[in-house]
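Reviewing the structure listed below.
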Amino acid sequence: MGPGCVYSPAGEPALVSAAASLLACILVHNSAALSRLYLTGVFLFGLAYCGSNLTELAALFKAAHLVQAFRGPAEVTAGLPLVQRSYLGALLPESLLHMLESYGPGVFAAALSGDHNTPEVIWTAAMRQSRLLPAMLQHLGDFAHRLAQHCHAAYEYTPPPPMTWPELADEIWCHRYYLKNLCDEDTFRGWPVVDHIPLLQALMEQWRAELGRQPLAMSEAQACQTLGIAAGPGGVVSEDDMRRAYRALARRYHPDKNPSPEARAKFLQIQKAYERLQAGAAGGQGPQAWRLLLMLRAQCILFRRYPAVLAPFKYAGYPQLLEVLRSITQQTSGAPAATRGSAPDSAAAAGIAAAGQPGAAAAAGAQHFLSGDAVEQVLAAIELCWLTCVVSKRNAEELMRSGGLPLLAGLLSRCVGILSLDVAPTAAPAVITTHALRTLAGLAAVPAAQKEIEQHTQLLADIIKCCALLRAPAAVDAALVAICHLSASAHLQHMLLEAGSLPYLVPLLLEYDVTLSPEVSAGLQLPFSPSSAAISTADADSLFESSFRMLDSALVRPNMQEARSQHALLAAQALGRLAGVLQEPYQTPANPAATSALSAVLTQSLAARLSEPDPRPLLICLNSSLETAQVIWNSSMREELSKALAAQRSHGSDLAALQSFTYSSLAGELQVGGVFVRVFNQRGRSGASASNATVTAATAATGAATAAGAAVAAASAPGGPLSGGARASAATAAAAGAIASPSAAAAVQPQDPAGFCKALVRYLYERLVERCYRGSELHMLSRSEAVNVLEVLQALNNLLEAEPRLLGLLSSKSALSPMVACIAPAASSYPPLYERTANGAAGRRTDAASGHSGVMSAAQASSQGEVDDSSSKAEPAADAAQLADTAEQLANLGLQLLARAIANAAVQEALVDESLLRQLYWLAVQPPSSRVLVGALGLLRRLTGSPLAALVAGYQGGAVLLLSVLLHSGSWAWPGADAATAAAEGAPARASAADVLSQLIAQPTHGPRVKMILGKLLPPGLVAAVAEGPPEAVLSALGQNMENPECMWDARMAAQASAEVSQLAAAIRKQHAGRSYDWSPAANYQLEYDNLRGEIYVGGVYVRLFLKNPK
């Protein structure tokens, strides 16, 4: 039994299997015979076998195909490719050889006898039955007939011509995959790839070989001449003719048949001629575009699917990759820049230098550089650029060193020149723009590349303009990530601002969809959020890679609302990095210019929230209508902002105009310490009542995002109560409600109560203490400033009511001085301001925070002329009524604040001094209103524990001023008072005066002096009643006619005392106005009452009356 038994024309499967097994057993230990097994024709016989029992044949092939000496001993080396090392390489597709080597004889046998069309093997029954078997039978010729006649017939070996497979004509085998099938992601999506690094290396080798391939030196005519055949009709040579000629010449010149050196050289010529005719017309040329395209796409698949595996290895194909882009763009460069209005920078232009003359653009007409057949190569090459660049920082650095930045800048510039804002995301220019932006985003993260980008002003402008391609969401994502990375450089921050980034970025914030469900909202990516990265600042590579994970997204998004919401998140982070307000590890240099502009266009409170790690709560605010102490934002403001930014995009960016931008709806709003004072005052009391706890806006907004999403999801569900426009309105309302008032306290309380308190005090200090000279020059405030001061005072009062712990911040004289200055205009003016008003002057406003017109900026009654206010333009002079009204409101609010502040012991200690006490006594003698009088007396009552209060009362006439209140009768002097209401208005004040006098008399140090002064003005019995109290008993005694041993008093005595005390009080006040404060009654002074003449008062009783009624 010999090798011929394998060739069984009779089709004896058992005989074939047995012969193959026997040969394998015999030759396994005979390497010399095994290496020359091919000369017996056993491989040809096995391939010519048409049966399906191929396992034993496959085992024989496995043992022998790589050790055949068919190329001579010198050429049998392990370094050659498998197809060259295997004797079967010229007869079978390389995928079958791979099956034999990698998976074993069983898999090979199944593949050879089956139908397969996958990335790993392409082989069908038709290929075997129609091509392989006929070719083998034709090559073996009449050997089958001779063998049948004589079983010992020997086969005369003739080298077979290499097989060609039309089914694989447009395929490339690389390492272990067919590239066309591998790249067919519609059919073989997610096909598992192994040996990633070897496959990439094989792709790189084949790519370099293809790029370096030169046209074959032998022409088709020379090949035909070498083989001794003639071309048929149309110059086509049939495959049968080629094989026949090859077989005939191989019998004569194959080294195994003819060992002479001349025969060997001749056989090599025959092989080259056969390969040339097999290659055809296209194969005889240089690099083939379709082959390059498959290699590029295969690399894209590797880097897209397995970035983590490839990240440790530096990509070495950038020179070839950039050469592909350069060669293609040079073929048609010249037209696009003319369509733009500004040419790319010189470096970018050098990257894609035009091949023609300056007139080439006009000659090109409507064509652009993507109008040819090379667009697919451009798409694959630019995609591979970004996929490799963002895998690792070392790749980005290598791309930059290879000269990729100028080329990419020029390519982007040309694409932007032909793009419309509504371009489809799958259009070739849009796809190339997207991948170019993604690559540039990777380069922008490299510090060395940032330095080079500084030379490309047009590149920055192009990146910014791509933020407006809202129908191409992937391009917008990439542009925003690029801006985020570029903002790491202070110089590039400035260049981005000058290039007009804000008019393009800020509108994206207004695209966030507040109706997104919580699940969808949580799925949006935040590449520059520490919470999403969860990595340390030391891990620079991880930071680099994490910021690009979101870029590997589909070009077409099924949910545009979700895509635009993603844009809004990225735009918020880009603005945060542009302004330098994000926290580590994504902190960038602070940029005051950007911060100023953003504070203007977003309002100060909303712009400050760009520093938050999660911008979603901010975006919900920006796309809702709400009014809280920190935020005022509504649809009219959004519309006003959108129009202003659209004008800047159309006519050029003006950073200064953005920095000075103001909203018409906020023109009358006062904001102090980031809080809108009007809103805080309107809602302060309800917020304070709800909770004294401080709820920050960030915490409230985070909860609101979830609450709003849940509310909208429920309302918008199928069968829900809302649909269409009502659903959107409800979504906005739900979001606004959730953000604006998750609780009453949260809506009102500032984020930083202590900071807000300090800001309010600072505001008051600058206007009341510094500008108005501690309140003495109230006319220095304009009308609008006076209104603002009143609102700030009310806000401070509301804040201290809600946050009593802040009282400790007022424990210094400088912090208290604005509140003390509030009472100065009403207390220190002599004569009182209200006396300067004409009869019938306008009544004062009774609510301190209702927005009265306030005071103008001309002067007091003496008409000192115009003075400049903070607006540098004087307003008309204010009349005395306005001045008096403002002074009354200031005094009322100042007294409220001081009364609240002295609950803190440290504040009370810092507050009490003679000047303040004198002003409180002055308010008693010349009060501008009943509430100011009651407030002054109430504050004085709480300060009577200080010896200074009794000192001023006893030695500076304060006791007389208080007594004038206690004995007052008739109408009060303040505006609007009349006799009908005098008793009701005066009763609380008179009671308070009696209480204060009682406390002053009880003061051990100076109380006796106060009592002595009262004794000179009142009958002894009343002085004792005042000292003993309570106030109700004192008022009752003063209102009765009494004649008993303890007290004598009637209406005549009351009128006499009131008149005398009033005169003394007026004299004392006039003396104080002259800055002379010490006062004492004459040594022999005593008010003489006619009813008491001749009465003797001893031991607390009138002797005459006691004797009259001893009981």
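Chain labels A, B, ... are given in the sequence in which chains occur in the structure tokens; within each chain residues are numbered consecutively from 1, and ligands are likewise numbered from 1 in the order shown.
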
If we count only C-alpha atoms, what is near segment 55-71 of chain A at a cut-off of 8 Å, once residues fewer than 6 positions away on the same chain are taken out, given as an MDAnalysis selection string?
-> chainID A and resid 16:18 20:21 23:24 28 34:38 43 46 85:88 100:101 104:106 108:109

Store the residues of this selection in a file with C-alpha atoms, as a CSV table (one decimal), in the first residue's frame.
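Below is the file that was written, again.csv:
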chain,number,residue,atom,x,y,z
A,16,VAL,CA,-8.5,6.3,2.1
A,17,SER,CA,-8.7,6.6,5.9
A,18,ALA,CA,-6.6,3.6,6.5
A,20,ALA,CA,-3.7,8.1,5.5
A,21,SER,CA,-3.4,6.7,9.1
A,23,LEU,CA,1.4,6.9,6.3
A,24,ALA,CA,1.2,9.0,9.4
A,28,VAL,CA,6.3,10.1,12.1
A,34,LEU,CA,8.5,12.9,5.8
A,35,SER,CA,10.2,16.1,4.4
A,36,ARG,CA,10.0,14.7,0.9
A,37,LEU,CA,6.5,13.3,1.1
A,38,TYR,CA,5.2,16.0,-1.2
A,43,PHE,CA,-1.1,16.2,-0.8
A,46,GLY,CA,-5.7,14.0,-0.6
A,85,ARG,CA,6.0,27.6,5.1
A,86,SER,CA,3.2,25.2,4.3
A,87,TYR,CA,3.2,23.1,1.2
A,88,LEU,CA,-0.6,23.6,1.2
A,100,LEU,CA,-5.4,23.1,10.7
A,101,GLU,CA,-2.6,24.7,12.9
A,104,GLY,CA,-6.4,20.7,14.9
A,105,PRO,CA,-7.2,18.1,12.2
A,106,GLY,CA,-10.8,17.7,13.3
A,108,PHE,CA,-9.9,21.5,9.6
A,109,ALA,CA,-11.7,18.4,8.3

Could you name the residues that touch Ala647 of chain A at 12 Å or less, counting only C-alpha atoms, but leaving out those on the same chain fewer than 6 positions away, as a JSON list (two decimals) with N, CA, C and O atoms, in the first residue's frame?
[["chain", "number", "residue", "atom", "x", "y", "z"],
["A", 500, "GLY", "N", -14.94, 83.95, 21.09],
["A", 500, "GLY", "CA", -16.40, 83.95, 21.16],
["A", 500, "GLY", "C", -17.00, 82.67, 21.69],
["A", 500, "GLY", "O", -18.05, 82.24, 21.22],
["A", 503, "PRO", "N", -20.88, 83.02, 23.72],
["A", 503, "PRO", "CA", -22.16, 83.03, 22.99],
["A", 503, "PRO", "C", -22.56, 81.68, 22.41],
["A", 503, "PRO", "O", -23.72, 81.48, 22.04],
["A", 504, "TYR", "N", -21.63, 80.74, 22.31],
["A", 504, "TYR", "CA", -21.96, 79.41, 21.82],
["A", 504, "TYR", "C", -22.22, 78.43, 22.97],
["A", 504, "TYR", "O", -23.04, 77.52, 22.82],
["A", 640, "GLU", "N", -34.50, 87.03, 26.69],
["A", 640, "GLU", "CA", -33.61, 88.19, 26.58],
["A", 640, "GLU", "C", -32.16, 87.76, 26.40],
["A", 640, "GLU", "O", -31.42, 88.30, 25.58],
["A", 641, "LEU", "N", -31.76, 86.74, 27.16],
["A", 641, "LEU", "CA", -30.40, 86.22, 27.05],
["A", 641, "LEU", "C", -30.17, 85.59, 25.69],
["A", 641, "LEU", "O", -29.12, 85.80, 25.05],
["A", 653, "SER", "N", -18.31, 88.32, 18.75],
["A", 653, "SER", "CA", -18.37, 88.30, 20.21],
["A", 653, "SER", "C", -17.77, 89.56, 20.80],
["A", 653, "SER", "O", -16.77, 90.08, 20.32],
["A", 654, "ASP", "N", -18.41, 90.05, 21.85],
["A", 654, "ASP", "CA", -17.93, 91.23, 22.58],
["A", 654, "ASP", "C", -17.95, 90.89, 24.06],
["A", 654, "ASP", "O", -19.01, 90.93, 24.71],
["A", 657, "ALA", "N", -19.25, 93.56, 26.42],
["A", 657, "ALA", "CA", -20.71, 93.70, 26.42],
["A", 657, "ALA", "C", -21.35, 92.62, 27.29],
["A", 657, "ALA", "O", -22.35, 92.88, 27.98],
["A", 658, "LEU", "N", -20.81, 91.42, 27.27],
["A", 658, "LEU", "CA", -21.34, 90.36, 28.12],
["A", 658, "LEU", "C", -21.11, 90.67, 29.60],
["A", 658, "LEU", "O", -21.97, 90.39, 30.45]]

Could you build a table of the residues in segment 611-687 of chain A lying no more than 12 Å from segment 588-601 of chain A, giving for each the nearest pair of atoms and their separation in Å rounded to one decimal place, using only C-alpha atoms, ordered by chain and ascending residue number, as a tab-separated table?
residue	atom	partner	partner_atom	distance
A:Ser611	CA	A:Thr595	CA	11.0
A:Leu622	CA	A:Val601	CA	11.4
A:Trp633	CA	A:Val601	CA	11.3
A:Met637	CA	A:Val601	CA	9.5
A:Arg638	CA	A:Val601	CA	9.7
A:Glu639	CA	A:Val601	CA	11.8
A:Glu640	CA	A:Val601	CA	9.9
A:Leu641	CA	A:Val601	CA	6.9
A:Ser642	CA	A:Val601	CA	10.0
A:Lys643	CA	A:Val601	CA	11.8
A:Ala644	CA	A:Val601	CA	9.5
A:Leu645	CA	A:Val601	CA	9.4
A:Ser653	CA	A:Ala597	CA	12.0
A:Asp654	CA	A:Ala597	CA	10.3
A:Leu655	CA	A:Ala597	CA	7.1
A:Ala656	CA	A:Ala597	CA	7.8
A:Ala657	CA	A:Ala597	CA	8.5
A:Leu658	CA	A:Ala597	CA	5.3
A:Gln659	CA	A:Ala597	CA	4.0
A:Ser660	CA	A:Ala600	CA	6.6
A:Phe661	CA	A:Ala600	CA	5.6
A:Thr662	CA	A:Ala600	CA	6.5
A:Tyr663	CA	A:Val601	CA	8.2
A:Ser664	CA	A:Val601	CA	11.9
A:Leu666	CA	A:Ala600	CA	11.2
A:Gly674	CA	A:Ser599	CA	10.5

Shell around segment 481-487 of chain A at 7 Å using only C-alpha atoms, local window under 5 positions removed, as an MDAnalysis selection string = chainID A and resid 440:441 444:445 450 492:493 574 577:578 588

Write a file of the just-selected residues containing N, CA and C atoms, as an mmCIF file, in the first residue's frame.
data_model
loop_
_atom_site.group_PDB
_atom_site.id
_atom_site.type_symbol
_atom_site.label_atom_id
_atom_site.label_comp_id
_atom_site.auth_asym_id
_atom_site.auth_seq_id
_atom_site.Cartn_x
_atom_site.Cartn_y
_atom_site.Cartn_z
ATOM 1 N N LEU A 440 -8.862 66.035 18.279
ATOM 2 C CA LEU A 440 -8.352 67.283 18.846
ATOM 3 C C LEU A 440 -8.629 67.359 20.342
ATOM 4 N N ALA A 441 -9.735 66.767 20.782
ATOM 5 C CA ALA A 441 -10.008 66.716 22.218
ATOM 6 C C ALA A 441 -8.937 65.913 22.932
ATOM 7 N N ALA A 444 -5.844 68.024 23.010
ATOM 8 C CA ALA A 444 -5.975 69.168 23.916
ATOM 9 C C ALA A 444 -5.667 68.808 25.350
ATOM 10 N N ALA A 445 -5.729 67.528 25.683
ATOM 11 C CA ALA A 445 -5.429 67.103 27.057
ATOM 12 C C ALA A 445 -3.939 66.981 27.318
ATOM 13 N N GLN A 450 -1.132 71.721 23.917
ATOM 14 C CA GLN A 450 -1.780 72.995 24.225
ATOM 15 C C GLN A 450 -0.898 74.165 23.816
ATOM 16 N N LEU A 492 -4.958 79.770 26.761
ATOM 17 C CA LEU A 492 -6.018 79.269 25.897
ATOM 18 C C LEU A 492 -7.395 79.686 26.415
ATOM 19 N N GLN A 493 -7.533 79.825 27.727
ATOM 20 C CA GLN A 493 -8.787 80.366 28.256
ATOM 21 C C GLN A 493 -9.058 81.746 27.664
ATOM 22 N N ALA A 574 -17.739 72.798 30.795
ATOM 23 C CA ALA A 574 -16.801 73.594 30.007
ATOM 24 C C ALA A 574 -16.732 75.024 30.530
ATOM 25 N N ARG A 577 -14.756 75.076 33.792
ATOM 26 C CA ARG A 577 -13.304 75.024 33.592
ATOM 27 C C ARG A 577 -12.800 76.305 32.927
ATOM 28 N N LEU A 578 -13.612 76.892 32.061
ATOM 29 C CA LEU A 578 -13.204 78.134 31.417
ATOM 30 C C LEU A 578 -13.074 79.257 32.440
ATOM 31 N N THR A 588 -8.883 74.383 37.100
ATOM 32 C CA THR A 588 -8.124 75.113 36.088
ATOM 33 C C THR A 588 -7.805 76.506 36.624
#

May I have the residues within 10 Å of Pro1008 of chain A as JSON, numbers by chain, using only C-alpha atoms and disregarding those fewer than 6 positions away in the same chain?
-> {"A": [950, 954, 1000, 1001, 1002, 1014]}

From the set A:Asp170, A:Glu205, A:Glu1032, A:Glu777, which residue has the shortest atom-to-atom contact distance to Ala887 of chain A, counting only C-alpha atoms?
-> A:Glu777

Non-local contacts of Arg918 of chain A (9 Å; only C-alpha atoms; under 5 positions in same chain excluded) as a list in words = Ala827, Asp913, Leu923, Ala949, Val952, Ala953, Gln956, Gly958, His1072 and Tyr1077 of chain A

Next, write the just-selected residues to a file, as a CSV table (one decimal), in the first residue's frame, keeping C-alpha atoms as the atom set.
chain,number,residue,atom,x,y,z
A,827,ALA,CA,-33.0,111.6,67.1
A,913,ASP,CA,-22.5,104.2,75.5
A,923,LEU,CA,-36.4,110.2,70.7
A,949,ALA,CA,-28.5,104.8,81.5
A,952,VAL,CA,-27.5,110.1,81.5
A,953,ALA,CA,-30.9,110.3,83.1
A,956,GLN,CA,-27.8,114.9,81.5
A,958,GLY,CA,-32.7,112.1,80.6
A,1072,HIS,CA,-27.9,119.1,74.0
A,1077,TYR,CA,-24.8,117.6,77.7

Give me, as a tab-separated table, the closest atom pair and its distance (Å, one decimal) for every residue of segment 900-973 of chain A within a cut-off of 10 Å of segment 1035-1054 of chain A, counting only C-alpha atoms, rows sorted by chain and rising number.
residue	atom	partner	partner_atom	distance
A:Leu966	CA	A:Leu1035	CA	8.1
A:Leu967	CA	A:Ala1054	CA	7.4
A:His968	CA	A:Ala1054	CA	9.4
A:Ser969	CA	A:Ala1054	CA	9.2

Include N, CA and C atoms and write out the residues we just selected as an mmCIF file, in the first residue's frame.
data_model
loop_
_atom_site.group_PDB
_atom_site.id
_atom_site.type_symbol
_atom_site.label_atom_id
_atom_site.label_comp_id
_atom_site.auth_asym_id
_atom_site.auth_seq_id
_atom_site.Cartn_x
_atom_site.Cartn_y
_atom_site.Cartn_z
ATOM 1 N N LEU A 966 -44.215 110.726 80.195
ATOM 2 C CA LEU A 966 -45.157 110.200 81.172
ATOM 3 C C LEU A 966 -46.291 111.185 81.441
ATOM 4 N N LEU A 967 -45.988 112.489 81.444
ATOM 5 C CA LEU A 967 -46.985 113.500 81.765
ATOM 6 C C LEU A 967 -47.648 114.088 80.539
ATOM 7 N N HIS A 968 -47.346 113.539 79.365
ATOM 8 C CA HIS A 968 -47.878 114.129 78.135
ATOM 9 C C HIS A 968 -49.394 114.052 78.100
ATOM 10 N N SER A 969 -49.988 115.135 77.565
ATOM 11 C CA SER A 969 -51.435 115.188 77.373
ATOM 12 C C SER A 969 -51.714 115.899 76.071
#

Near Thr433 of chain A, counting only C-alpha atoms, which residues have an atom at most 7 Å away, once you skip same-chain residues fewer than 2 positions from it, shown as a ChimeraX atom specification?
-> /A:412,415,429-431,435-437,475

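The residue that comes closest to Ala209 of chain A, out of A:Pro287, A:Arg771, A:Glu1088, A:Ala1027 and on the basis of only C-alpha atoms, is A:Pro287.
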
How many Å separate atom CA of Val677 of chain A from atom CA of Gly808 of chain A?
->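 Atom CA of Gly808 of chain A lies 21.9 Å from atom CA of Val677 of chain A.
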
Can you list every residue in segment 940-1013 of chain A that DSSP puts in alpha helix (DSSP H), as an MDAnalysis selection string?
-> chainID A and resid 940:943 947:955 958:966 979:1001 1007:1013

Quick one: pick out all strand (DSSP E) residues within segment 435-645 of chain A from a backbone DSSP run and write them as a count of residues only.
-> 4
